[in-house]
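S.K.: What follows is work-v2.cif, mmCIF, C-alpha atoms.
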data_structure
loop_
_atom_site.label_atom_id
_atom_site.label_comp_id
_atom_site.auth_asym_id
_atom_site.auth_seq_id
_atom_site.Cartn_x
_atom_site.Cartn_y
_atom_site.Cartn_z
CA MET Y 1 18.82 5.47 -39.01
CA THR Y 2 19.88 6.43 -35.46
CA ALA Y 3 19.21 3.75 -32.88
CA LEU Y 4 17.06 4.84 -29.95
CA PHE Y 5 18.18 1.87 -27.87
CA SER Y 6 21.50 0.10 -28.38
CA LEU Y 7 22.16 -3.10 -26.46
CA ARG Y 8 25.76 -4.26 -26.28
CA GLY Y 9 26.89 -7.60 -24.83
CA ILE Y 10 23.80 -7.95 -22.60
CA LYS Y 11 23.57 -10.89 -20.22
CA ARG Y 12 20.93 -11.25 -17.51
CA HIS Y 13 20.68 -14.18 -15.11
CA TYR Y 14 18.01 -15.17 -12.62
CA GLY Y 15 19.27 -17.54 -9.93
CA GLY Y 16 22.09 -18.81 -12.11
CA ARG Y 17 19.83 -19.34 -15.14
CA LEU Y 18 20.68 -17.29 -18.20
CA ALA Y 19 17.50 -15.39 -19.06
CA LEU Y 20 18.85 -13.09 -21.75
CA ASP Y 21 21.97 -13.09 -23.89
CA ILE Y 22 22.03 -10.40 -26.59
CA PRO Y 23 25.43 -9.54 -28.05
CA ARG Y 24 24.08 -6.65 -30.10
CA LEU Y 25 20.70 -5.10 -30.80
CA ASP Y 26 19.68 -1.70 -32.11
CA ILE Y 27 16.12 -0.51 -31.84
CA PRO Y 28 15.39 2.38 -34.22
CA ALA Y 29 13.24 5.34 -33.24
CA GLY Y 30 9.71 5.78 -34.52
CA ARG Y 31 9.09 2.12 -35.38
CA LEU Y 32 6.72 -0.46 -34.01
CA LEU Y 33 8.81 -3.48 -33.06
CA GLY Y 34 7.15 -6.79 -32.27
CA VAL Y 35 8.93 -9.31 -30.02
CA CYS Y 36 7.74 -12.88 -29.96
CA GLY Y 37 8.96 -16.18 -28.60
CA PRO Y 38 7.92 -19.02 -26.32
CA ASN Y 39 7.58 -18.81 -22.54
CA GLY Y 40 10.90 -18.19 -20.81
CA SER Y 41 12.55 -16.88 -23.97
CA GLY Y 42 13.51 -13.59 -22.30
CA LYS Y 43 10.86 -11.30 -23.81
CA SER Y 44 9.74 -9.75 -20.54
CA THR Y 45 13.34 -9.51 -19.32
CA LEU Y 46 14.20 -7.53 -22.43
CA LEU Y 47 11.30 -5.14 -21.77
CA ARG Y 48 12.31 -4.69 -18.14
CA LEU Y 49 15.84 -3.77 -19.21
CA LEU Y 50 14.52 -1.31 -21.77
CA ALA Y 51 12.15 0.12 -19.15
CA MET Y 52 15.16 0.63 -16.86
CA LEU Y 53 13.48 -1.36 -14.12
CA GLU Y 54 16.44 -3.74 -14.09
CA SER Y 55 20.09 -3.57 -15.03
CA PRO Y 56 21.96 -6.25 -16.98
CA ASP Y 57 24.53 -8.42 -15.18
CA SER Y 58 26.96 -7.52 -17.93
CA GLY Y 59 26.92 -5.33 -21.03
CA GLU Y 60 25.14 -2.04 -21.37
CA VAL Y 61 21.88 -0.58 -22.57
CA LEU Y 62 22.28 2.77 -24.28
CA PHE Y 63 19.36 5.15 -24.67
CA GLU Y 64 20.02 7.80 -27.30
CA GLY Y 65 23.69 6.88 -27.04
CA ALA Y 66 24.01 7.24 -23.26
CA PRO Y 67 24.05 4.43 -20.67
CA THR Y 68 20.61 4.13 -19.05
CA GLY Y 69 22.15 3.74 -15.59
CA ASP Y 70 23.19 7.39 -15.74
CA LEU Y 71 19.92 8.69 -17.11
CA ARG Y 72 17.45 9.49 -14.36
CA THR Y 73 15.42 11.64 -16.70
CA ALA Y 74 15.40 8.98 -19.43
CA ARG Y 75 13.12 6.85 -17.28
CA ARG Y 76 10.41 9.47 -17.74
CA GLN Y 77 10.66 9.08 -21.51
CA VAL Y 78 10.08 5.33 -21.39
CA THR Y 79 6.98 3.63 -20.06
CA LEU Y 80 5.96 0.01 -19.73
CA LEU Y 81 2.48 -1.48 -19.88
CA LEU Y 82 2.51 -4.58 -17.68
CA GLN Y 83 0.95 -7.85 -18.78
CA GLU Y 84 -1.39 -7.76 -15.80
CA PRO Y 85 -2.20 -4.10 -15.31
CA TYR Y 86 -2.23 -2.57 -11.87
CA LEU Y 87 -4.61 0.30 -11.39
CA LEU Y 88 -4.24 2.61 -8.43
CA SER Y 89 -6.96 2.72 -5.80
CA ARG Y 90 -8.57 5.82 -7.25
CA SER Y 91 -10.89 6.70 -10.14
CA VAL Y 92 -10.14 5.83 -13.78
CA ALA Y 93 -9.58 9.52 -14.61
CA GLU Y 94 -7.18 9.89 -11.68
CA ASN Y 95 -5.32 6.77 -12.81
CA VAL Y 96 -4.87 8.22 -16.28
CA ALA Y 97 -3.83 11.57 -14.81
CA TYR Y 98 -1.26 10.06 -12.41
CA GLY Y 99 1.69 10.09 -14.84
CA LEU Y 100 0.90 13.70 -15.68
CA SER Y 101 0.60 14.72 -12.04
CA VAL Y 102 4.07 13.36 -11.15
CA ARG Y 103 5.39 15.60 -13.93
CA GLY Y 104 3.52 18.59 -12.51
CA ILE Y 105 1.04 18.66 -15.40
CA ARG Y 106 -2.70 19.08 -14.96
CA ASP Y 107 -4.50 18.53 -18.24
CA GLU Y 108 -8.02 17.12 -18.13
CA GLU Y 109 -8.36 17.35 -21.90
CA ARG Y 110 -5.36 15.08 -22.37
CA VAL Y 111 -6.86 12.59 -19.90
CA ARG Y 112 -10.10 12.55 -21.87
CA ALA Y 113 -8.28 12.23 -25.19
CA SER Y 114 -6.23 9.30 -23.85
CA LEU Y 115 -9.34 7.48 -22.71
CA LEU Y 116 -10.97 8.09 -26.09
CA ALA Y 117 -7.82 6.79 -27.82
CA VAL Y 118 -8.35 3.40 -26.18
CA GLY Y 119 -12.08 3.42 -26.90
CA LEU Y 120 -13.36 4.32 -23.45
CA ASP Y 121 -15.92 7.09 -23.00
CA PRO Y 122 -14.50 9.48 -20.35
CA ASP Y 123 -17.99 10.46 -19.21
CA LEU Y 124 -18.93 6.83 -18.71
CA PHE Y 125 -15.67 5.49 -17.29
CA GLY Y 126 -13.94 8.52 -15.74
CA GLU Y 127 -15.36 8.10 -12.25
CA ARG Y 128 -15.33 4.31 -12.12
CA ARG Y 129 -13.07 2.42 -9.70
CA ARG Y 130 -10.81 -0.47 -10.63
CA ASN Y 131 -13.26 -3.02 -9.22
CA GLU Y 132 -15.91 -1.75 -11.64
CA LEU Y 133 -13.87 -2.61 -14.75
CA SER Y 134 -13.47 -5.79 -16.76
CA GLY Y 135 -9.98 -7.17 -17.44
CA GLY Y 136 -9.95 -5.65 -20.93
CA GLU Y 137 -11.18 -2.27 -19.71
CA ALA Y 138 -8.54 -2.23 -16.97
CA GLN Y 139 -5.83 -2.96 -19.55
CA ARG Y 140 -7.13 -0.13 -21.73
CA VAL Y 141 -7.17 2.29 -18.78
CA ALA Y 142 -3.57 1.30 -18.01
CA LEU Y 143 -2.65 1.96 -21.64
CA ALA Y 144 -4.47 5.31 -21.56
CA ALA Y 145 -2.37 6.28 -18.52
CA ARG Y 146 0.76 5.60 -20.58
CA LEU Y 147 -0.50 7.41 -23.67
CA ALA Y 148 -1.38 10.47 -21.58
CA ILE Y 149 2.27 11.09 -20.74
CA ARG Y 150 3.12 11.06 -24.47
CA PRO Y 151 6.19 8.89 -23.97
CA GLN Y 152 9.12 8.68 -26.33
CA VAL Y 153 9.00 4.89 -25.93
CA LEU Y 154 6.00 2.71 -25.16
CA LEU Y 155 6.80 -0.86 -24.11
CA MET Y 156 3.92 -3.34 -23.96
CA ASP Y 157 4.21 -6.74 -22.33
CA GLU Y 158 1.61 -9.20 -23.67
CA PRO Y 159 -1.06 -6.47 -23.78
CA THR Y 160 -3.69 -8.78 -25.23
CA ALA Y 161 -2.96 -11.87 -23.12
CA SER Y 162 -6.15 -11.66 -21.08
CA VAL Y 163 -8.44 -9.35 -23.01
CA ASP Y 164 -11.31 -9.88 -25.41
CA GLU Y 165 -11.13 -9.36 -29.16
CA GLU Y 166 -12.56 -5.85 -29.02
CA SER Y 167 -10.01 -4.73 -26.43
CA ALA Y 168 -7.19 -6.36 -28.42
CA GLY Y 169 -8.29 -4.39 -31.47
CA ARG Y 170 -8.49 -1.12 -29.51
CA ILE Y 171 -5.04 -1.71 -28.01
CA ALA Y 172 -3.57 -2.41 -31.45
CA LEU Y 173 -5.13 0.72 -32.89
CA ALA Y 174 -3.90 2.86 -29.98
CA ALA Y 175 -0.38 1.43 -30.33
CA ARG Y 176 -0.32 2.10 -34.06
CA THR Y 177 -1.65 5.65 -33.58
CA ALA Y 178 0.96 6.36 -30.89
CA CYS Y 179 3.68 5.11 -33.25
CA GLU Y 180 2.42 7.32 -36.07
CA GLN Y 181 2.57 10.27 -33.68
CA GLY Y 182 6.27 9.62 -33.05
CA THR Y 183 6.35 7.17 -30.17
CA THR Y 184 8.63 4.18 -30.54
CA VAL Y 185 6.61 1.10 -29.61
CA VAL Y 186 7.95 -2.30 -28.57
CA VAL Y 187 5.29 -4.98 -28.16
CA VAL Y 188 5.81 -8.44 -26.72
CA SER Y 189 3.12 -10.93 -27.66
CA HIS Y 190 2.42 -14.63 -28.04
CA ASP Y 191 -0.19 -13.84 -30.63
CA ARG Y 192 1.79 -14.08 -33.90
CA GLU Y 193 -1.19 -13.22 -36.06
CA TRP Y 194 -1.98 -10.10 -34.03
CA LEU Y 195 1.70 -9.12 -34.07
CA ASP Y 196 2.10 -9.75 -37.83
CA ALA Y 197 -0.75 -7.36 -38.54
CA LEU Y 198 0.63 -4.69 -36.18
CA ALA Y 199 4.42 -4.61 -36.17
CA ASP Y 200 6.77 -2.87 -38.62
CA ASP Y 201 9.62 -5.17 -37.61
CA GLN Y 202 9.78 -8.36 -35.61
CA LEU Y 203 12.28 -9.97 -33.33
CA ARG Y 204 12.12 -13.62 -32.31
CA LEU Y 205 13.67 -14.79 -29.06
CA LYS Y 206 14.37 -18.33 -27.94
CA ALA Y 207 16.09 -19.32 -24.69
CA GLY Y 208 17.22 -15.75 -24.17
CA ARG Y 209 18.80 -15.34 -27.60
CA ILE Y 210 17.69 -13.62 -30.78
CA VAL Y 211 16.93 -16.24 -33.40
CA ALA Y 212 15.32 -14.10 -36.08
CA MET U 1 -30.32 -15.50 37.22
CA ASP U 2 -32.41 -12.67 38.67
CA TYR U 3 -29.40 -10.75 39.92
CA ILE U 4 -28.00 -10.70 36.37
CA LEU U 5 -31.26 -9.39 34.93
CA ASP U 6 -31.52 -6.87 37.78
CA GLY U 7 -27.95 -5.87 37.04
CA PHE U 8 -28.85 -5.16 33.41
CA ALA U 9 -31.89 -3.12 34.42
CA VAL U 10 -29.89 -1.00 36.86
CA ALA U 11 -27.07 -0.69 34.32
CA LEU U 12 -29.44 0.73 31.71
CA ARG U 13 -30.83 3.19 34.27
CA LEU U 14 -27.26 4.32 35.14
CA LEU U 15 -26.42 4.87 31.51
CA LEU U 16 -29.65 6.64 30.61
CA ALA U 17 -29.47 8.84 33.71
CA GLY U 18 -25.89 9.81 32.88
CA ASP U 19 -24.47 8.47 36.16
CA PRO U 20 -21.37 10.64 36.85
CA GLU U 21 -19.24 7.81 38.25
CA THR U 22 -19.92 5.61 35.24
CA PHE U 23 -19.18 8.39 32.79
CA SER U 24 -16.05 9.40 34.70
CA ALA U 25 -14.68 5.93 33.95
CA VAL U 26 -15.73 6.26 30.30
CA TRP U 27 -13.98 9.62 30.08
CA ALA U 28 -10.78 8.29 31.73
CA THR U 29 -10.77 5.39 29.27
CA LEU U 30 -11.30 7.52 26.19
CA SER U 31 -8.82 10.23 27.18
CA SER U 32 -6.01 7.82 28.12
CA SER U 33 -6.67 5.76 24.98
CA ALA U 34 -6.73 8.84 22.75
CA LEU U 35 -3.43 10.11 24.16
CA ALA U 36 -1.88 6.67 23.74
CA MET U 37 -3.13 6.45 20.16
CA VAL U 38 -1.58 9.80 19.23
CA VAL U 39 1.82 8.53 20.39
CA ALA U 40 1.40 5.03 18.88
CA LEU U 41 0.34 6.44 15.50
CA CYS U 42 2.90 9.24 15.31
CA VAL U 43 5.78 6.89 16.16
CA GLY U 44 4.43 3.56 14.92
CA MET U 45 3.25 4.44 11.44
CA PRO U 46 6.48 6.01 10.12
CA CYS U 47 8.56 3.25 11.74
CA GLY U 48 6.25 0.51 10.44
CA PHE U 49 6.21 2.02 6.97
CA ALA U 50 10.01 2.21 6.90
CA LEU U 51 10.17 -1.40 8.10
CA GLY U 52 7.89 -2.59 5.30
CA PHE U 53 9.06 -0.31 2.50
CA PHE U 54 12.84 -0.06 2.71
CA SER U 55 15.50 -2.74 2.60
CA PHE U 56 18.27 -2.14 5.12
CA PRO U 57 20.68 -4.24 7.19
CA GLY U 58 18.98 -5.56 10.31
CA ARG U 59 15.49 -5.23 8.88
CA ARG U 60 14.58 -8.84 9.64
CA ALA U 61 15.89 -8.55 13.19
CA ALA U 62 13.89 -5.34 13.70
CA ARG U 63 10.80 -7.07 12.36
CA LEU U 64 11.37 -9.97 14.77
CA VAL U 65 11.63 -7.56 17.70
CA VAL U 66 8.38 -5.82 16.72
CA ASP U 67 6.57 -9.14 16.27
CA THR U 68 7.87 -10.30 19.66
CA MET U 69 6.60 -7.09 21.25
CA LEU U 70 3.12 -8.02 20.01
CA CYS U 71 3.17 -10.83 22.57
CA PHE U 72 4.44 -8.65 25.42
CA PRO U 73 2.28 -9.37 28.50
CA THR U 74 0.43 -6.20 29.49
CA VAL U 75 1.21 -6.66 33.17
CA VAL U 76 4.91 -6.65 32.29
CA ILE U 77 4.45 -3.40 30.36
CA GLY U 78 2.55 -2.06 33.38
CA LEU U 79 5.35 -3.16 35.70
CA LEU U 80 8.06 -1.57 33.54
CA VAL U 81 6.23 1.73 33.23
CA TYR U 82 5.43 1.66 36.96
CA LEU U 83 9.11 1.13 37.80
CA LEU U 84 10.14 3.96 35.49
CA LEU U 85 7.58 6.43 36.84
CA SER U 86 7.59 5.44 40.51
CA ARG U 87 9.19 7.66 43.17
CA ARG U 88 12.48 5.73 42.97
CA GLY U 89 12.36 5.40 39.18
CA PRO U 90 14.44 7.38 36.66
CA LEU U 91 11.39 9.30 35.41
CA ALA U 92 9.97 10.13 38.85
CA ASP U 93 10.43 13.87 38.25
CA LEU U 94 7.79 13.76 35.57
CA GLU U 95 5.22 12.93 38.29
CA MET U 96 3.17 10.86 35.89
CA LEU U 97 2.43 7.85 38.06
CA PHE U 98 -1.30 7.47 38.76
CA THR U 99 -2.17 10.04 36.10
CA ILE U 100 -3.92 9.77 32.75
CA PRO U 101 -0.72 10.70 30.81
CA GLY U 102 1.17 8.04 32.78
CA MET U 103 -1.42 5.42 31.78
CA ALA U 104 -1.19 6.68 28.21
CA VAL U 105 2.56 5.97 28.18
CA GLY U 106 1.93 2.33 29.08
CA LEU U 107 -0.97 2.03 26.65
CA ALA U 108 1.12 3.60 23.88
CA LEU U 109 3.77 0.92 24.46
CA LEU U 110 1.01 -1.64 24.03
CA GLY U 111 -0.32 -0.07 20.82
CA LEU U 112 3.04 0.77 19.25
CA PRO U 113 4.03 -2.74 18.11
CA ILE U 114 0.50 -3.36 16.80
CA VAL U 115 0.60 -0.22 14.67
CA MET U 116 4.17 -0.93 13.53
CA ALA U 117 3.59 -4.59 12.67
CA LEU U 118 0.29 -4.03 10.83
CA THR U 119 1.68 -1.01 8.96
CA ALA U 120 4.77 -2.96 7.88
CA LEU U 121 2.57 -5.88 6.84
CA ALA U 122 0.26 -3.63 4.81
CA VAL U 123 3.22 -2.14 2.93
CA GLU U 124 4.89 -5.51 2.40
CA GLN U 125 1.68 -7.03 1.10
CA ALA U 126 0.97 -4.19 -1.32
CA ASP U 127 0.76 -5.60 -4.82
CA GLY U 128 4.22 -6.18 -6.31
CA ARG U 129 3.10 -4.46 -9.51
CA LEU U 130 2.41 -1.20 -7.64
CA ARG U 131 6.04 -0.07 -7.49
CA GLN U 132 6.66 -1.07 -11.13
CA THR U 133 3.54 0.78 -12.22
CA LEU U 134 4.53 3.93 -10.38
CA LEU U 135 8.09 3.82 -11.71
CA THR U 136 6.98 3.22 -15.29
CA LEU U 137 4.60 6.16 -15.03
CA GLY U 138 7.57 8.35 -14.13
CA ALA U 139 7.30 8.61 -10.33
CA ASP U 140 10.52 9.42 -8.47
CA GLY U 141 11.47 7.84 -5.14
CA TRP U 142 9.46 10.26 -2.99
CA GLN U 143 6.42 9.97 -5.27
CA VAL U 144 6.61 6.17 -5.12
CA LEU U 145 6.68 6.39 -1.33
CA THR U 146 3.71 8.76 -1.02
CA ALA U 147 1.65 6.90 -3.62
CA THR U 148 2.33 3.60 -1.81
CA LEU U 149 1.20 5.23 1.43
CA TRP U 150 -2.00 6.37 -0.27
CA GLU U 151 -2.60 2.93 -1.80
CA VAL U 152 -2.48 1.21 1.60
CA ARG U 153 -4.33 3.99 3.44
CA PHE U 154 -7.29 1.84 4.45
CA HIS U 155 -4.97 -0.85 5.79
CA LEU U 156 -3.17 1.82 7.81
CA LEU U 157 -6.46 3.07 9.21
CA GLY U 158 -7.27 -0.56 10.01
CA ALA U 159 -3.98 -0.82 11.91
CA GLY U 160 -4.95 2.23 13.94
CA VAL U 161 -8.43 0.92 14.68
CA THR U 162 -7.06 -2.49 15.71
CA ALA U 163 -4.58 -0.85 18.08
CA PHE U 164 -7.35 1.33 19.55
CA GLY U 165 -9.48 -1.77 20.14
CA ARG U 166 -6.63 -3.37 22.05
CA ILE U 167 -5.79 -0.23 24.03
CA VAL U 168 -9.33 0.65 25.04
CA SER U 169 -10.01 -2.81 26.46
CA GLU U 170 -6.72 -3.14 28.37
CA VAL U 171 -6.81 -3.64 32.13
CA GLY U 172 -3.35 -4.57 33.52
CA ILE U 173 -1.50 -1.38 32.54
CA SER U 174 -4.39 0.86 33.57
CA MET U 175 -4.61 -0.83 36.95
CA MET U 176 -0.88 -0.72 37.72
CA VAL U 177 0.11 2.65 36.29
CA GLY U 178 -3.21 4.43 36.85
CA GLY U 179 -3.89 3.01 40.29
CA ASN U 180 -7.65 2.75 39.66
CA ILE U 181 -8.34 6.05 41.45
CA LYS U 182 -12.03 6.94 41.53
CA TRP U 183 -12.98 10.09 39.52
CA HIS U 184 -9.43 10.27 38.28
CA THR U 185 -7.79 7.22 36.67
CA ARG U 186 -10.53 4.63 37.03
CA THR U 187 -11.23 3.31 33.55
CA ILE U 188 -14.02 1.12 32.23
CA THR U 189 -11.98 -2.06 32.57
CA THR U 190 -10.51 -1.36 36.02
CA ALA U 191 -13.95 -0.28 37.26
CA ILE U 192 -15.51 -3.51 36.00
CA ALA U 193 -12.81 -5.53 37.80
CA LEU U 194 -13.34 -3.57 41.02
CA GLU U 195 -17.15 -3.52 40.98
CA THR U 196 -17.30 -7.24 40.21
CA GLY U 197 -15.02 -7.91 43.16
CA LYS U 198 -17.38 -5.90 45.36
CA GLY U 199 -20.42 -7.73 44.01
CA GLU U 200 -21.77 -4.49 42.45
CA PHE U 201 -22.69 -5.96 39.12
CA ALA U 202 -24.88 -3.13 37.83
CA VAL U 203 -22.04 -0.66 37.34
CA GLY U 204 -19.90 -3.46 35.91
CA ILE U 205 -22.60 -4.40 33.42
CA ALA U 206 -23.23 -0.75 32.49
CA LEU U 207 -19.55 -0.22 31.78
CA GLY U 208 -19.38 -3.56 30.00
CA LEU U 209 -22.19 -2.43 27.71
CA VAL U 210 -20.28 0.76 26.90
CA LEU U 211 -17.16 -1.29 26.14
CA LEU U 212 -19.19 -3.64 23.96
CA GLY U 213 -20.61 -0.63 22.14
CA ILE U 214 -17.08 0.67 21.50
CA ALA U 215 -15.96 -2.80 20.33
CA PHE U 216 -18.96 -2.98 17.99
CA ALA U 217 -18.18 0.46 16.55
CA ILE U 218 -14.55 -0.56 16.05
CA ASN U 219 -15.49 -3.76 14.25
CA LEU U 220 -18.00 -1.90 12.12
CA MET U 221 -15.26 0.51 11.13
CA LEU U 222 -12.83 -2.33 10.38
CA ALA U 223 -15.40 -4.04 8.14
CA PHE U 224 -15.97 -0.76 6.30
CA LEU U 225 -12.23 -0.18 5.86
CA ARG U 226 -11.68 -3.72 4.55
CA ARG U 227 -14.40 -3.17 1.96
CA ARG U 228 -12.93 0.19 0.90
CA ALA U 229 -9.43 -1.31 0.67
CA ARG U 230 -10.64 -3.68 -2.03
CA ALA U 231 -12.08 -0.87 -4.21
#
So, in terms of structure tokens, how does the structure I just supplied come out?

M.R.:
Amino acid sequence: MTALFSLRGIKRHYGGRLALDIPRLDIPAGRLLGVCGPNGSGKSTLLRLLAMLESPDSGEVLFEGAPTGDLRTARRQVTLLLQEPYLLSRSVAENVAYGLSVRGIRDEERVRASLLAVGLDPDLFGERRRNELSGGEAQRVALAARLAIRPQVLLMDEPTASVDEESAGRIALAARTACEQGTTVVVVSHDREWLDALADDQLRLKAGRIVA
Amino acid sequence: MDYILDGFAVALRLLLAGDPETFSAVWATLSSSALAMVVALCVGMPCGFALGFFSFPGRRAARLVVDTMLCFPTVVIGLLVYLLLSRRGPLADLEMLFTIPGMAVGLALLGLPIVMALTALAVEQADGRLRQTLLTLGADGWQVLTATLWEVRFHLLGAGVTAFGRIVSEVGISMMVGGNIKWHTRTITTAIALETGKGEFAVGIALGLVLLGIAFAINLMLAFLRRRARA
């Protein structure tokens, strides 16, 4: 199977501390990969490298065989759902439409479908502002914004860390559906049980290294 | 005590009757302040945004200069502008001394660092997740910039309103550069200073009430903008 991401000799330090050390890792396309590990094990650093928000101190991250540093367009294929979502100071519908608008796409139906995919009624939530949402609803709106752009890769950093059980279930379902529709999903989570039920494959990190 | 109460009574009569001298000072204040605000906003907002948004060599030094300019005594600004515009000054040919545009130059110099500093602060204090969110949704550099600008829009408006509040209530620059010329460059603040010196409290109180009204409107607007910024 062709690897979507290939990591080769990756090292990433923060203030002299080694945060990530991965000699070799291939992430296949079309799978749902779970990443778990204790705090400070490098999970979020791995996601930030895959999201092309950061570059490694040494080694290279290849996306579809090409170094990510050279791929300006690749960034638009990969999206990251942050652990604590940030919603723009505009309506829920406009938040979901933002990723489409920067690509020059105007598609209200896709915005509605994305909200429905995370279990939010567009008629009920579409015009709400971020201060009118609960933590779980905000996380689901942030996920809907990522689903709307139909990314090739969806990265999720602790998506259920601060949400209720219902939201966690909705997020899992949306992630699984996105994967079945062809999106490669990488999910970081502390919740082993939730991850066991969701992921096709799992990766365990400890002190920046892959241990399983 | 009676002369204060009498002063208030006469002041209200002046305002309600539309006293031309009183309203001439109001007009001079608003026109010089408006001109100054146009300059302060057009120059200050882009500069302040760049200062808060981009990383470049000398950024900290530039920030220090702007913050220091916040403490610039207004009489010193007035003196500098006076020297520049006076008959022997390098900008004498512009013939702006003792004119509304001349006052606006000084007032703009007063408002500029306020607009720059508050704009830079608003951008710097924007949530750290904003840029990551925009990037991970596919925004390019220009789109990140414009979306950041939109996100902090109420803070930017607040910066403008704060600068206007400072400019409209300024006295030193208006007095020195404007010359406090009746019907021409006499503003609310310079008129209050003059009338109080003459013992004519009614006009002073009337103009003071107008200034208080403006200050109240400004604070009302600031409170509204703060509430909107949180939404």

S.K.: Mind pulling up the distance from CA of Ala215 (chain U) to CA of Asp6 (chain U)?

M.R.: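 Result for CA of Asp6 (chain U) versus CA of Ala215 (chain U): 23.7 Å, one decimal.
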
S.K.: Specify as JSON, numbers by chain all residues of chain U found within 10 Å of chain Y, counting only C-alpha atoms.

M.R.: {"U": [127, 128, 129, 130, 131, 132, 133, 134, 135, 136, 137, 138, 139, 140, 143, 144, 147, 148, 150, 151, 152, 153, 228, 229, 230, 231]}

S.K.: Could you state the separation of CA of Arg186 (chain U) and CA of Val26 (chain U) in Å, given to one decimal place?

M.R.: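 Distance reported for this atom pair: 8.7 Å.
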
S.K.: Identify all residues satisfying the PyMOL selection byres ((chain U and resi 206) around 9) in the given file; provide them as a PyMOL selection string.

M.R.: chain U and resi 7-8+10-15+22+192+201-205+207-211

S.K.: If the PyMOL selection byres ((chain U and resi 51) around 12) is run on the structure shown, which residues does it catch, given as JSON, numbers by chain?

M.R.: {"U": [44, 45, 46, 47, 48, 49, 50, 52, 53, 54, 55, 56, 57, 58, 59, 60, 61, 62, 63, 64, 65, 66, 67, 113, 115, 116, 117, 118, 119, 120, 121, 122, 123, 124]}

S.K.: Find the residues around region 69-82 of chain U up to 9 Å (only C-alpha atoms counted), leave out those fewer than 4 positions away in its own chain, and share them as a PyMOL selection string.

M.R.: chain U and resi 64-65+86+89+97+102-103+105-107+109-114+117+170-177

S.K.: Which residues, written as a list in words, have at least one atom at most 7 Å from Gly42 (chain Y), with only C-alpha atoms counted and residues fewer than 6 positions away on the same chain left out?

M.R.: Ala19, Leu20, Leu205, Ala207 and Gly208 of chain Y

S.K.: For this file, the PyMOL selection byres ((chain Y and resi 195) around 12) selects which residues, as a PyMOL selection string?

M.R.: chain Y and resi 32-37+156+158-160+168-169+171-172+175-176+186-194+196-204

S.K.: If you measure from CA of Trp183 (chain U) to CA of Gly18 (chain U), what distance in Å do you get, rounded to one decimal?

M.R.: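 CA of Gly18 (chain U) lies at a distance of 14.5 Å from CA of Trp183 (chain U).
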
S.K.: Quick one: residues within 7 Å of Arg31 (chain Y), only C-alpha atoms counted, chain neighbours fewer than 6 positions away excluded, as a PyMOL selection string?

M.R.: chain Y and resi 179+184-185+200

S.K.: Hey, could you pull the box centre and edge lengths for region 41-48 of chain Y, axis-aligned, 8 Å padding per side, all listed atoms, to one decimal in Å, as AutoDock Vina command-line options?

M.R.:
--center_x 12.0 --center_y -10.8 --center_z -21.1 --size_x 20.5 --size_y 28.2 --size_z 21.8

S.K.: Nearest to Gly178 (chain U) among U:Ala34, U:Ala191, U:Leu157, U:Leu41, with distances taken over only C-alpha atoms: which residue is it?

M.R.: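 Comparing U:Ala34, U:Ala191, U:Leu157, U:Leu41 against Gly178 (chain U), the winner is U:Ala191.
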